[in-house]
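Let me begin by presenting the structure, written as structure tokens, before commenting on it.
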Amino acid sequence: MRRPQLVHFTAISTTDHLSIRASLSLSSQARHQFWQNPLPGLAPIRPIESLGLLSSRRFRLRIIGMDQHGVERLNREYDSDSFGDFNLRLPHPAEGPVARLLVFETRSRPGLDLLIGSFIPLNVREESRILITDFDKTLVDTRYHSPRELYLSLRKPLGYFPPVPASIDLVKNYVGEGFHPFVVSASPHFYENALRDWLYRNQLFTSNIYLKDYRRVFALFEGELAPKDLKTQGFYKLNHLVNILLMTGVPKELVLVGDGFESDTIIYLTLASVLAARQDPWVVWNALKQDEGFRLNNRQHFRFLSKFYQLKNLRDISGECRVRIHIRCRPEMVDKWRRKRFKYEFLNRLLPLVDFYPG
């Protein structure tokens, strides 16, 4: 029997609110529950096994929240968008923060509440430390340039591609120091099971994975992405970075890890220009709106400015944020990137924040 299943679920509890991000699909494959740690000897998951996630439908969730003593403090229902996604921001109950969540789907089988998960929210309080890393060409040296490489990426598990030990060790060291890890990648959203499987096999444990939802690229009236975003990553990645910080609050320390092969450097420096250099979002927008890595359409112009002003206001309340950026390059490219200069002077002033490392 096909039943609702969580593709991913993130619950973050801050001082002021509880943020929930979830996505559901219909599936009959119970072994791919996203929170399961792969068992020894179990075959790695291949992206092609999750192509069913290209379909979409609406769901309804009942979320029950309990305090640390098991007393119910929250019981509400929420409808998804047409893609089966939820993005919720809930104030804490007056009695105190929620310590545990029970999640039921109530729309697929009328009259039945189907339990689909029990979760403990990630507590992100003051003095928080956040790590956000790219995946492709940062943790794994993936290749998607030719049709053959695209075909292999679907048919082969991600372990087929060579890992980048320098980046893996860097991320593990930061996690060991108490940073909360998030993964933001331009890989298609149906790669999530395969990507999570690779992370767990390499002892990188996080449920906070953000991928590019290709359904939104081709949804003319509901999607926040456009066909041009299949190749340009500027708006997509920057949008997810800001979404994460709006969920967690502006941290005291923010570490960004990416690669020097696409546009990660300019994306990360753009974020740092608002968080660390206190640039006005309007100035940043005017500089980047025609950049080849962004090429914002009218809808994205509005989202860019709106979210960046939200982030600026949040930063003004939270205070200083220390930003560190690590960019992985091939050994022969390191010196070239260290001498790199952008056409935007406000980004050049922030280049000392960037560590270009070989990998």
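Ordering of the structure tokens sets the chain letters (A, B, ...), residue numbers begin anew at 1 in every chain, and ligands are numbered from 1 in the order given.
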Residues near Asn286 in chain A, cut-off 12 Å, only C-alpha atoms, skip fewer than 5 positions along chain, as a PyMOL selection string: chain A and resi 279-281+291+294-296+301+304-305+344
If you count only C-alpha atoms, which residues fall within 12 Å of range 310-313 of chain A, apart from same-chain ones fewer than 5 positions away, as number ranges by chain? A: 238-239, 241-251, 271-282, 284, 303-305, 318-321
Put those residues in a file: N, CA and C atoms, as an mmCIF file, in the first residue's frame.
data_model
loop_
_atom_site.group_PDB
_atom_site.id
_atom_site.type_symbol
_atom_site.label_atom_id
_atom_site.label_comp_id
_atom_site.auth_asym_id
_atom_site.auth_seq_id
_atom_site.Cartn_x
_atom_site.Cartn_y
_atom_site.Cartn_z
ATOM 1 N N LEU A 238 21.675 31.403 -2.589
ATOM 2 C CA LEU A 238 21.555 32.522 -1.666
ATOM 3 C C LEU A 238 20.208 32.500 -0.960
ATOM 4 N N ASN A 239 19.163 32.134 -1.680
ATOM 5 C CA ASN A 239 17.827 32.040 -1.102
ATOM 6 C C ASN A 239 17.797 31.006 0.025
ATOM 7 N N LEU A 241 20.412 29.902 1.780
ATOM 8 C CA LEU A 241 21.257 30.368 2.884
ATOM 9 C C LEU A 241 20.475 31.320 3.791
ATOM 10 N N VAL A 242 19.756 32.248 3.166
ATOM 11 C CA VAL A 242 18.977 33.201 3.955
ATOM 12 C C VAL A 242 17.847 32.483 4.688
ATOM 13 N N ASN A 243 17.187 31.505 4.016
ATOM 14 C CA ASN A 243 16.122 30.737 4.675
ATOM 15 C C ASN A 243 16.624 30.048 5.931
ATOM 16 N N ILE A 244 17.816 29.466 5.851
ATOM 17 C CA ILE A 244 18.392 28.780 7.013
ATOM 18 C C ILE A 244 18.595 29.763 8.161
ATOM 19 N N LEU A 245 19.142 30.929 7.862
ATOM 20 C CA LEU A 245 19.424 31.905 8.910
ATOM 21 C C LEU A 245 18.145 32.521 9.475
ATOM 22 N N LEU A 246 17.094 32.603 8.659
ATOM 23 C CA LEU A 246 15.816 33.077 9.191
ATOM 24 C C LEU A 246 15.194 32.032 10.118
ATOM 25 N N MET A 247 15.507 30.751 9.892
ATOM 26 C CA MET A 247 15.017 29.696 10.771
ATOM 27 C C MET A 247 15.807 29.650 12.077
ATOM 28 N N THR A 248 17.133 29.760 11.982
ATOM 29 C CA THR A 248 17.992 29.587 13.157
ATOM 30 C C THR A 248 18.239 30.887 13.912
ATOM 31 N N GLY A 249 18.026 32.014 13.245
ATOM 32 C CA GLY A 249 18.486 33.279 13.789
ATOM 33 C C GLY A 249 19.929 33.505 13.375
ATOM 34 N N VAL A 250 20.379 34.742 13.394
ATOM 35 C CA VAL A 250 21.761 35.056 13.015
ATOM 36 C C VAL A 250 22.699 34.525 14.094
ATOM 37 N N PRO A 251 23.615 33.610 13.735
ATOM 38 C CA PRO A 251 24.493 33.010 14.748
ATOM 39 C C PRO A 251 25.639 33.940 15.131
ATOM 40 N N LEU A 271 26.536 37.117 1.054
ATOM 41 C CA LEU A 271 25.915 36.938 2.363
ATOM 42 C C LEU A 271 26.745 37.624 3.449
ATOM 43 N N ALA A 272 28.058 37.480 3.384
ATOM 44 C CA ALA A 272 28.927 38.102 4.382
ATOM 45 C C ALA A 272 28.853 39.622 4.318
ATOM 46 N N SER A 273 28.582 40.180 3.135
ATOM 47 C CA SER A 273 28.522 41.638 3.021
ATOM 48 C C SER A 273 27.379 42.215 3.848
ATOM 49 N N VAL A 274 26.304 41.448 4.025
ATOM 50 C CA VAL A 274 25.180 41.907 4.844
ATOM 51 C C VAL A 274 25.393 41.572 6.307
ATOM 52 N N LEU A 275 25.930 40.365 6.594
ATOM 53 C CA LEU A 275 26.074 39.925 7.984
ATOM 54 C C LEU A 275 27.279 40.563 8.672
ATOM 55 N N ALA A 276 28.436 40.549 8.001
ATOM 56 C CA ALA A 276 29.669 41.004 8.645
ATOM 57 C C ALA A 276 30.001 42.451 8.314
ATOM 58 N N ALA A 277 29.792 42.856 7.052
ATOM 59 C CA ALA A 277 30.149 44.214 6.644
ATOM 60 C C ALA A 277 29.002 45.196 6.766
ATOM 61 N N ARG A 278 27.800 44.709 7.108
ATOM 62 C CA ARG A 278 26.628 45.564 7.301
ATOM 63 C C ARG A 278 26.308 46.427 6.081
ATOM 64 N N GLN A 279 26.464 45.834 4.894
ATOM 65 C CA GLN A 279 26.072 46.531 3.670
ATOM 66 C C GLN A 279 24.544 46.627 3.603
ATOM 67 N N ASP A 280 24.061 47.704 3.006
ATOM 68 C CA ASP A 280 22.627 47.836 2.812
ATOM 69 C C ASP A 280 22.170 46.886 1.703
ATOM 70 N N PRO A 281 21.118 46.086 1.924
ATOM 71 C CA PRO A 281 20.655 45.140 0.891
ATOM 72 C C PRO A 281 20.367 45.802 -0.450
ATOM 73 N N TRP A 282 19.914 47.050 -0.431
ATOM 74 C CA TRP A 282 19.634 47.740 -1.697
ATOM 75 C C TRP A 282 20.908 47.911 -2.517
ATOM 76 N N VAL A 284 23.620 45.982 -2.351
ATOM 77 C CA VAL A 284 23.996 44.656 -2.823
ATOM 78 C C VAL A 284 23.137 44.253 -4.011
ATOM 79 N N ARG A 303 11.807 38.839 -3.989
ATOM 80 C CA ARG A 303 12.197 37.904 -2.927
ATOM 81 C C ARG A 303 13.580 38.244 -2.381
ATOM 82 N N PHE A 304 14.512 38.583 -3.296
ATOM 83 C CA PHE A 304 15.879 38.906 -2.890
ATOM 84 C C PHE A 304 15.879 40.068 -1.898
ATOM 85 N N LEU A 305 15.217 41.149 -2.279
ATOM 86 C CA LEU A 305 15.205 42.324 -1.415
ATOM 87 C C LEU A 305 14.451 42.078 -0.116
ATOM 88 N N SER A 318 20.397 40.845 16.600
ATOM 89 C CA SER A 318 21.261 39.805 17.166
ATOM 90 C C SER A 318 22.665 40.306 17.485
ATOM 91 N N GLY A 319 23.129 41.319 16.774
ATOM 92 C CA GLY A 319 24.471 41.817 17.024
ATOM 93 C C GLY A 319 25.476 41.240 16.045
ATOM 94 N N GLU A 320 26.740 41.207 16.444
ATOM 95 C CA GLU A 320 27.825 40.816 15.555
ATOM 96 C C GLU A 320 27.743 39.348 15.174
ATOM 97 N N CYS A 321 28.150 39.059 13.928
ATOM 98 C CA CYS A 321 28.230 37.688 13.422
ATOM 99 C C CYS A 321 29.602 37.510 12.771
#
Nearest to Leu195 in chain A by atom-to-atom distance, counting only C-alpha atoms, from A:Arg299, A:His240, A:Lys156, A:Arg338: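 Of A:Arg299, A:His240, A:Lys156, A:Arg338, the one nearest Leu195 in chain A is A:Lys156, counting only C-alpha atoms.
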Distance in Å - CA of Ala11 in chain A versus CA of Arg100 in chain A: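 Atom-to-atom, CA of Ala11 in chain A and CA of Arg100 in chain A are spaced 9.8 Å apart.
Proximity ranking of A:Glu127, A:Ser13, A:Arg216, A:Asn202 relative to Pro188 in chain A places A:Arg216 first, based on only C-alpha atoms.
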Which residues in range 55-149 of chain A does DSSP call strand (DSSP E)? List them as number ranges by chain. A: 60-66, 72-79, 85-91, 100-105, 114-119, 122-123, 129-133
Polymer residues at most 10 Å from Lys172 in chain A, only C-alpha atoms, same-chain spacing of 2 or more positions, as a ChimeraX atom specification: /A:167-170,174-177,179,181,202-205
Selected residue, from A:Thr106, A:Ser80, A:Ser25, A:Ser118, that lies nearest to Gly65 in chain A when counting only C-alpha atoms: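 Closest to Gly65 in chain A, using only C-alpha atoms: A:Ser118.
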Please identify all polymer residues within 9 Å of range 327-332 of chain A, counting only C-alpha atoms, omitting same-chain residues fewer than 4 positions from it, and present them as a ChimeraX atom specification. /A:137-138,166-167,256-261,264-265,336-337,354-359
Top pick for closest residue to Pro352 in chain A, considering A:Phe161, A:Ser187, A:Leu269, A:Gly293 and counting only C-alpha atoms: A:Leu269
Please determine, counting only C-alpha atoms, which residue among A:Leu112, A:Val255, A:Ile64, A:Leu74 has the shortest atom-to-atom distance to Val171 in chain A.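 Distance minimum relative to Val171 in chain A lands on A:Val255.
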